[in-house]
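Have a look at data.txt; it's compact mmCIF, C-alpha atoms and all ligand atoms:
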# COMPACT_ATOMS: atom_id res chain seq x y z
CA MET M 1 2.06 -22.34 9.22
CA GLU M 2 0.35 -24.58 11.79
CA SER M 3 -2.57 -26.82 10.91
CA ALA M 4 -6.11 -26.15 12.05
CA LYS M 5 -5.92 -29.37 14.13
CA ALA M 6 -2.91 -28.06 16.02
CA ALA M 7 -4.83 -24.88 16.64
CA LYS M 8 -7.63 -26.79 18.29
CA LYS M 9 -5.25 -28.28 20.83
CA LYS M 10 -3.70 -24.91 21.59
CA LYS M 11 -5.19 -22.69 24.21
CA SER M 12 -7.06 -19.70 22.77
CA PRO M 13 -5.48 -16.38 23.61
CA ALA M 14 -6.53 -15.71 27.20
CA LYS M 15 -9.09 -13.08 28.00
CA SER M 16 -6.43 -11.31 30.01
CA GLU M 17 -3.97 -11.21 27.08
CA SER M 18 -1.48 -8.44 27.75
CA ARG M 19 -1.15 -5.49 25.44
CA THR M 20 2.28 -6.70 24.32
CA ALA M 21 0.94 -10.19 23.57
CA LEU M 22 -1.99 -8.71 21.65
CA VAL M 23 0.31 -6.52 19.53
CA ARG M 24 2.54 -9.53 18.82
CA ARG M 25 -0.37 -11.77 17.86
CA ALA M 26 -1.98 -9.09 15.69
CA ARG M 27 1.27 -8.53 13.83
CA ARG M 28 1.76 -12.27 13.36
CA ILE M 29 -1.72 -12.52 11.85
CA ASN M 30 -0.84 -9.67 9.51
CA ARG M 31 2.40 -11.42 8.48
CA GLU M 32 0.60 -14.72 7.86
CA LEU M 33 -2.06 -12.95 5.80
CA ALA M 34 0.68 -11.24 3.78
CA GLU M 35 2.04 -14.70 2.92
CA VAL M 36 -1.37 -16.06 2.00
CA TYR M 37 -2.46 -13.00 -0.01
CA PRO M 38 0.72 -11.40 -1.40
CA TYR M 39 -1.48 -10.09 -4.19
CA ALA M 40 -4.10 -8.41 -1.95
CA HIS M 41 -5.47 -5.26 -3.58
CA PRO M 42 -8.56 -3.07 -3.67
CA GLU M 43 -11.26 -5.06 -5.44
CA LEU M 44 -12.77 -2.15 -7.34
CA ASP M 45 -11.62 -1.54 -10.92
CA PHE M 46 -10.35 2.02 -11.42
CA ASP M 47 -7.84 3.96 -13.53
CA ASN M 48 -7.75 7.27 -11.64
CA PRO M 49 -8.82 8.85 -8.31
CA PHE M 50 -12.16 10.06 -9.73
CA GLN M 51 -13.09 6.55 -10.88
CA LEU M 52 -12.11 5.10 -7.49
CA LEU M 53 -14.19 7.71 -5.67
CA VAL M 54 -17.24 7.00 -7.84
CA ALA M 55 -16.80 3.21 -7.58
CA THR M 56 -16.47 3.41 -3.80
CA VAL M 57 -19.67 5.46 -3.48
CA LEU M 58 -21.45 2.89 -5.67
CA SER M 59 -20.14 -0.01 -3.56
CA ALA M 60 -22.43 0.80 -0.62
CA GLN M 61 -24.88 -2.06 -0.02
CA THR M 62 -23.64 -4.12 -2.96
CA THR M 63 -20.66 -6.22 -4.02
CA ASP M 64 -17.51 -4.88 -5.64
CA LEU M 65 -18.22 -7.33 -8.46
CA ARG M 66 -21.54 -5.65 -9.24
CA VAL M 67 -19.85 -2.23 -9.19
CA ASN M 68 -17.07 -3.43 -11.49
CA GLN M 69 -19.65 -4.75 -13.93
CA THR M 70 -21.45 -1.40 -13.90
CA THR M 71 -18.64 1.14 -14.10
CA PRO M 72 -17.24 0.48 -17.62
CA ALA M 73 -20.38 1.92 -19.27
CA LEU M 74 -20.64 4.65 -16.63
CA PHE M 75 -17.06 5.88 -17.10
CA ALA M 76 -17.41 5.69 -20.88
CA ALA M 77 -20.44 8.01 -20.65
CA TYR M 78 -18.98 10.37 -18.01
CA PRO M 79 -15.17 10.25 -17.96
CA THR M 80 -14.65 13.41 -15.87
CA PRO M 81 -16.30 15.21 -12.93
CA GLU M 82 -17.41 17.91 -15.35
CA ASP M 83 -19.21 15.32 -17.51
CA MET M 84 -20.86 13.67 -14.52
CA ALA M 85 -21.90 16.98 -12.96
CA ALA M 86 -23.79 17.79 -16.17
CA ALA M 87 -25.40 14.33 -16.45
CA ASP M 88 -29.11 13.85 -17.04
CA PRO M 89 -30.13 12.30 -13.67
CA GLU M 90 -32.42 9.71 -15.28
CA LYS M 91 -29.77 8.51 -17.69
CA LEU M 92 -27.24 8.27 -14.88
CA GLU M 93 -29.74 6.39 -12.68
CA GLN M 94 -30.29 3.80 -15.42
CA LEU M 95 -26.55 3.26 -15.84
CA ILE M 96 -25.98 2.60 -12.13
CA ARG M 97 -29.25 0.76 -11.52
CA PRO M 98 -27.57 -2.69 -11.06
CA THR M 99 -25.81 -1.42 -7.92
CA GLY M 100 -29.10 -0.73 -6.07
CA PHE M 101 -30.22 2.45 -4.28
CA PHE M 102 -29.61 4.06 -7.66
CA ARG M 103 -31.61 7.26 -7.06
CA ALA M 104 -29.71 8.19 -3.91
CA LYS M 105 -26.39 7.14 -5.47
CA ALA M 106 -27.07 9.19 -8.63
CA LYS M 107 -27.76 12.21 -6.43
CA SER M 108 -24.47 11.68 -4.58
CA LEU M 109 -22.51 11.24 -7.82
CA ILE M 110 -23.92 14.40 -9.40
CA GLY M 111 -23.43 16.27 -6.11
CA LEU M 112 -19.85 15.18 -5.60
CA SER M 113 -18.96 15.79 -9.25
CA THR M 114 -20.43 19.29 -9.03
CA ALA M 115 -18.41 19.94 -5.85
CA LEU M 116 -15.24 18.65 -7.53
CA ARG M 117 -15.88 20.88 -10.54
CA ASP M 118 -16.77 24.00 -8.55
CA ARG M 119 -14.57 23.74 -5.47
CA PHE M 120 -11.58 21.59 -6.44
CA ASP M 121 -10.84 22.52 -10.08
CA GLY M 122 -12.22 19.19 -11.25
CA GLU M 123 -9.63 17.21 -9.26
CA VAL M 124 -10.20 14.75 -6.40
CA PRO M 125 -8.56 16.29 -3.30
CA GLY M 126 -5.94 14.21 -1.47
CA ARG M 127 -6.96 15.26 2.07
CA LEU M 128 -9.44 13.56 4.39
CA ALA M 129 -10.84 16.90 5.59
CA ASP M 130 -11.71 17.87 1.99
CA LEU M 131 -12.97 14.47 0.87
CA VAL M 132 -15.54 14.16 3.66
CA THR M 133 -17.13 17.47 2.57
CA LEU M 134 -18.21 15.83 -0.72
CA PRO M 135 -21.83 14.59 -0.90
CA GLY M 136 -22.09 10.86 -0.18
CA VAL M 137 -18.46 10.61 0.98
CA GLY M 138 -17.87 9.44 4.55
CA ARG M 139 -14.71 8.55 6.37
CA LYS M 140 -14.66 4.99 4.99
CA THR M 141 -14.89 6.11 1.36
CA ALA M 142 -12.32 8.86 1.99
CA ASN M 143 -9.86 6.35 3.46
CA VAL M 144 -10.27 3.99 0.50
CA VAL M 145 -9.49 6.84 -1.90
CA LEU M 146 -6.58 8.18 0.15
CA GLY M 147 -5.00 4.76 0.65
CA ASN M 148 -5.33 3.52 -2.91
CA ALA M 149 -5.20 6.59 -5.14
CA PHE M 150 -2.91 8.83 -3.08
CA GLY M 151 -0.73 6.41 -1.09
CA VAL M 152 -1.83 7.94 2.23
CA PRO M 153 -1.92 5.13 4.83
CA GLY M 154 -5.41 4.38 6.11
CA ILE M 155 -7.55 1.60 7.54
CA THR M 156 -10.86 0.82 5.88
CA VAL M 157 -13.42 -0.47 8.36
CA ASP M 158 -16.05 -2.20 6.25
CA THR M 159 -18.31 -5.03 7.37
CA HIS M 160 -15.60 -7.69 6.78
CA PHE M 161 -12.90 -5.75 8.58
CA GLY M 162 -15.07 -5.08 11.63
CA ARG M 163 -16.23 -8.70 11.88
CA LEU M 164 -12.75 -10.20 11.58
CA VAL M 165 -10.93 -7.90 13.99
CA ARG M 166 -13.63 -8.56 16.58
CA ARG M 167 -13.27 -12.33 16.01
CA TRP M 168 -9.54 -11.90 16.54
CA LYS M 169 -10.19 -9.87 19.73
CA TRP M 170 -8.14 -6.96 18.45
CA THR M 171 -11.03 -4.81 19.60
CA GLU M 172 -14.50 -5.19 21.07
CA ALA M 173 -15.73 -1.91 19.59
CA GLU M 174 -18.68 -1.89 17.19
CA ASP M 175 -18.33 1.73 16.16
CA ALA M 176 -16.27 1.98 12.96
CA GLU M 177 -14.24 4.99 14.09
CA LYS M 178 -13.33 3.29 17.38
CA VAL M 179 -12.38 0.10 15.53
CA GLU M 180 -10.20 2.16 13.20
CA ALA M 181 -8.43 3.93 16.06
CA GLU M 182 -7.84 0.75 18.08
CA VAL M 183 -6.53 -1.27 15.14
CA CYS M 184 -4.34 1.62 13.95
CA SER M 185 -2.69 1.62 17.40
CA LEU M 186 -1.57 -2.02 16.93
CA PHE M 187 0.39 -1.43 13.70
CA PRO M 188 2.89 0.99 12.19
CA LYS M 189 1.28 3.41 9.77
CA SER M 190 3.11 1.88 6.82
CA GLU M 191 1.04 -1.34 7.26
CA TRP M 192 -2.41 0.21 7.44
CA THR M 193 -3.48 0.15 3.79
CA MET M 194 -2.21 -3.35 2.97
CA LEU M 195 -3.52 -4.69 6.28
CA SER M 196 -6.98 -3.48 5.25
CA HIS M 197 -6.78 -5.30 1.92
CA ARG M 198 -5.52 -8.52 3.50
CA VAL M 199 -8.21 -8.57 6.20
CA ILE M 200 -10.97 -7.84 3.67
CA PHE M 201 -9.59 -10.53 1.32
CA HIS M 202 -9.65 -13.03 4.18
CA GLY M 203 -13.20 -12.04 5.14
CA ARG M 204 -14.43 -12.52 1.59
CA ARG M 205 -12.67 -15.80 0.96
CA VAL M 206 -12.36 -17.69 4.23
CA CYS M 207 -13.77 -16.01 7.33
CA HIS M 208 -17.34 -15.53 6.15
CA SER M 209 -20.00 -13.91 8.23
CA ARG M 210 -22.26 -16.98 8.56
CA ARG M 211 -20.01 -19.98 8.00
CA PRO M 212 -16.35 -19.19 8.44
CA ALA M 213 -14.14 -21.91 6.94
CA CYS M 214 -12.12 -22.51 10.13
CA GLY M 215 -10.93 -25.95 9.04
CA ALA M 216 -9.24 -24.45 5.97
CA CYS M 217 -8.05 -21.25 7.61
CA PRO M 218 -4.31 -20.55 7.50
CA ILE M 219 -4.39 -18.36 10.59
CA ALA M 220 -6.48 -20.71 12.74
CA PRO M 221 -3.66 -21.18 15.27
CA LEU M 222 -3.70 -17.46 16.04
CA CYS M 223 -7.47 -17.06 16.16
CA PRO M 224 -9.42 -17.04 19.43
CA SER M 225 -12.65 -17.68 17.48
CA TYR M 226 -11.47 -20.91 15.83
CA GLY M 227 -14.46 -23.28 15.85
CA GLU M 228 -17.05 -20.58 15.23
CA GLY M 229 -17.36 -22.04 11.73
CA GLU M 230 -16.85 -25.35 9.93
CA THR M 231 -13.80 -27.19 11.34
CA ASP M 232 -13.88 -30.27 9.12
CA PRO M 233 -11.07 -29.60 6.60
CA GLU M 234 -12.86 -31.11 3.60
CA LYS M 235 -16.16 -29.39 4.29
CA ALA M 236 -14.34 -26.13 5.08
CA LYS M 237 -12.45 -26.25 1.78
CA LYS M 238 -15.75 -26.22 -0.08
CA LEU M 239 -16.65 -22.92 1.59
CA LEU M 240 -13.64 -21.06 0.17
CA LYS M 241 -14.46 -18.39 -2.39
CA TYR M 242 -12.91 -16.57 -5.35
CA GLU M 243 -9.36 -17.67 -6.24
CA MET M 244 -9.13 -19.73 -3.01
CA GLY M 245 -12.02 -21.82 -4.32
CA GLY M 246 -10.75 -21.80 -7.93
CA ARG M 247 -13.40 -19.36 -9.11
CA PRO M 248 -13.38 -15.89 -10.75
CA GLY M 249 -12.55 -12.88 -8.61
CA GLN M 250 -14.41 -9.58 -8.33
CA ARG M 251 -12.37 -7.47 -10.74
CA LEU M 252 -12.84 -7.50 -14.49
CA LYS M 253 -9.33 -6.03 -14.71
CA PRO M 254 -7.39 -7.62 -11.83
CA PRO M 255 -3.73 -6.67 -11.26
CA PRO M 256 -1.20 -8.84 -13.17
CA ASP M 257 -0.12 -10.78 -10.04
CA TYR M 258 -3.66 -11.91 -9.19
CA PRO M 259 -3.65 -15.72 -9.35
CA GLY M 260 -7.40 -16.10 -9.96
CA LEU M 261 -9.64 -15.62 -12.97
CA PRO M 262 -11.00 -12.19 -13.93
CA ALA M 263 -14.67 -11.57 -13.19
CA ARG M 264 -17.13 -11.79 -16.05
CA PRO M 265 -18.98 -8.76 -17.42
CA LEU M 266 -22.60 -8.04 -16.48
CA GLY M 267 -24.95 -10.69 -17.86
CA ALA M 268 -22.14 -13.18 -18.55
CA GLU M 269 -21.91 -14.62 -15.01
S1 LIG Z 1 -12.09 -18.72 9.64
FE1 LIG Z 1 -12.31 -19.35 11.77
S2 LIG Z 1 -10.20 -19.65 12.46
FE2 LIG Z 1 -10.09 -18.43 10.58
S3 LIG Z 1 -10.05 -16.33 11.23
FE3 LIG Z 1 -12.20 -16.86 10.86
S4 LIG Z 1 -13.03 -17.54 12.85
FE4 LIG Z 1 -10.78 -17.56 12.97

Could you spell out this file's structure in structure tokens?
Amino acid sequence: MESAKAAKKKKSPAKSESRTALVRRARRINRELAEVYPYAHPELDFDNPFQLLVATVLSAQTTDLRVNQTTPALFAAYPTPEDMAAADPEKLEQLIRPTGFFRAKAKSLIGLSTALRDRFDGEVPGRLADLVTLPGVGRKTANVVLGNAFGVPGITVDTHFGRLVRRWKWTEAEDAEKVEAEVCSLFPKSEWTMLSHRVIFHGRRVCHSRRPACGACPIAPLCPSYGEGETDPEKAKKLLKYEMGGRPGQRLKPPPDYPGLPARPLGAE
């Protein structure tokens, strides 16, 4: 791994980078990220596809941490689609209130649970075409569920993913579906799901939206946007988050190989 200083001296990838060079650089970034985050994983707590679907719907416009702090009580009250479909809307709204937009989200959760109960025998379907017919479920949510509950390779274009791949000049597209298609074309299918986790991990810990920690970034030598953020190594180190900054992560129940601390329950932060 090269230092950030070495990266500064190196020429940024040229504007006219060939397709072959772009594919090589993109795959190198993926390999470096795999070394930095061997434990990358979805940052929502879930035990089954239904829980992941619900948690992903709740994660719109809020952090995974807030969702993880909210779902234990929610899943205790409504463990199955049948239970959630029959929920009293006001009670459900109160349970998911900490995630914001709770009225619209409650409507989606009751709607999707009803659809699961009535159209899919109470089971979450494992096909994109079926998932996107559920209320409140778009392509992004469907891909999260497919990739992490069904092992179907998929790329999740959230705000972090879009920002980072544009900084890396893998694509110039702003539209999530275009970003997805262009990034998919750079990698074999087998890499798609883990690539998504690694990129999102990096976006949350190092390559922040406002002040990316360039001076502490392990992939700086491969990044054409090096210098967009803090380049002083000491100052950059202070910008690192979660386990990279020695702090708790987002999951209350992280996987066993996660090197950071578990998140604290609601009210105990
Ligand atoms: S932190 Fe800086 S060097 Fe690292 S990926 Fe982001 S923009 Fe590039």

- prompt: Could you pull the residues within 9 Å of region 231-247 of chain M, counting only C-alpha atoms, minus those fewer than 4 positions along the same chain, as a ChimeraX atom specification?
  reply: /M:4-5,204-208,211-217,226-227,258-263

- prompt: Between M:Leu252, M:Ala220, M:Val144, M:Ala86, which one has atoms that come closest to ligand LIG 1 (chain Z), using all atoms listed in the file?
  reply: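 Using all atoms listed in the file, the shortest distance to ligand LIG 1 (chain Z) belongs to M:Ala220.
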
Shortest interatomic distance to Leu109 (chain M) - which of M:Phe187, M:Phe50, M:Trp192, M:Tyr39, counting all atoms listed in the file: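 Under the stated criterion, the closest residue is M:Phe50.
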
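Distance annotation: of M:Ile29, M:Phe102, M:Ala142, M:Leu131, the residue with the minimal separation from Thr56 (chain M) is M:Ala142; atom set is all atoms listed in the file.
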
message: Can you pull out the residues contacting Gln61 (chain M)? Cut-off 10 Å, using only C-alpha atoms, and skip same-chain residues under 4 positions away; I want them as a list in words.
response: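 The contact residues come out as Val57, Thr99, Gly100 and Phe101 of chain M.
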
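Going from CA of Leu146 (chain M) to CA of Ala129 (chain M) covers 11.1 Å.
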
Protein and nucleic acid residues near (-4.8, 4.9, 12.2) (cut-off 7 Å, all atoms listed in the file) as a list in words: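 Within the cut-off we find Gly154, Ile155, Glu180, Ala181, Cys184, Ser185 and Lys189 of chain M.
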
query: Near Ile110 (chain M), counting only C-alpha atoms, which residues have an atom at most 8 Å away, once you skip same-chain residues fewer than 4 positions from it, shown as a list in words?
result: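 In the requested form, the answer reads Met84, Ala85, Ala86, Ala87, Pro89, Ala106 and Thr114 of chain M.
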
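CA of Ser225 (chain M) lies 4.6 Å from atom S4 of ligand LIG 1 (chain Z).
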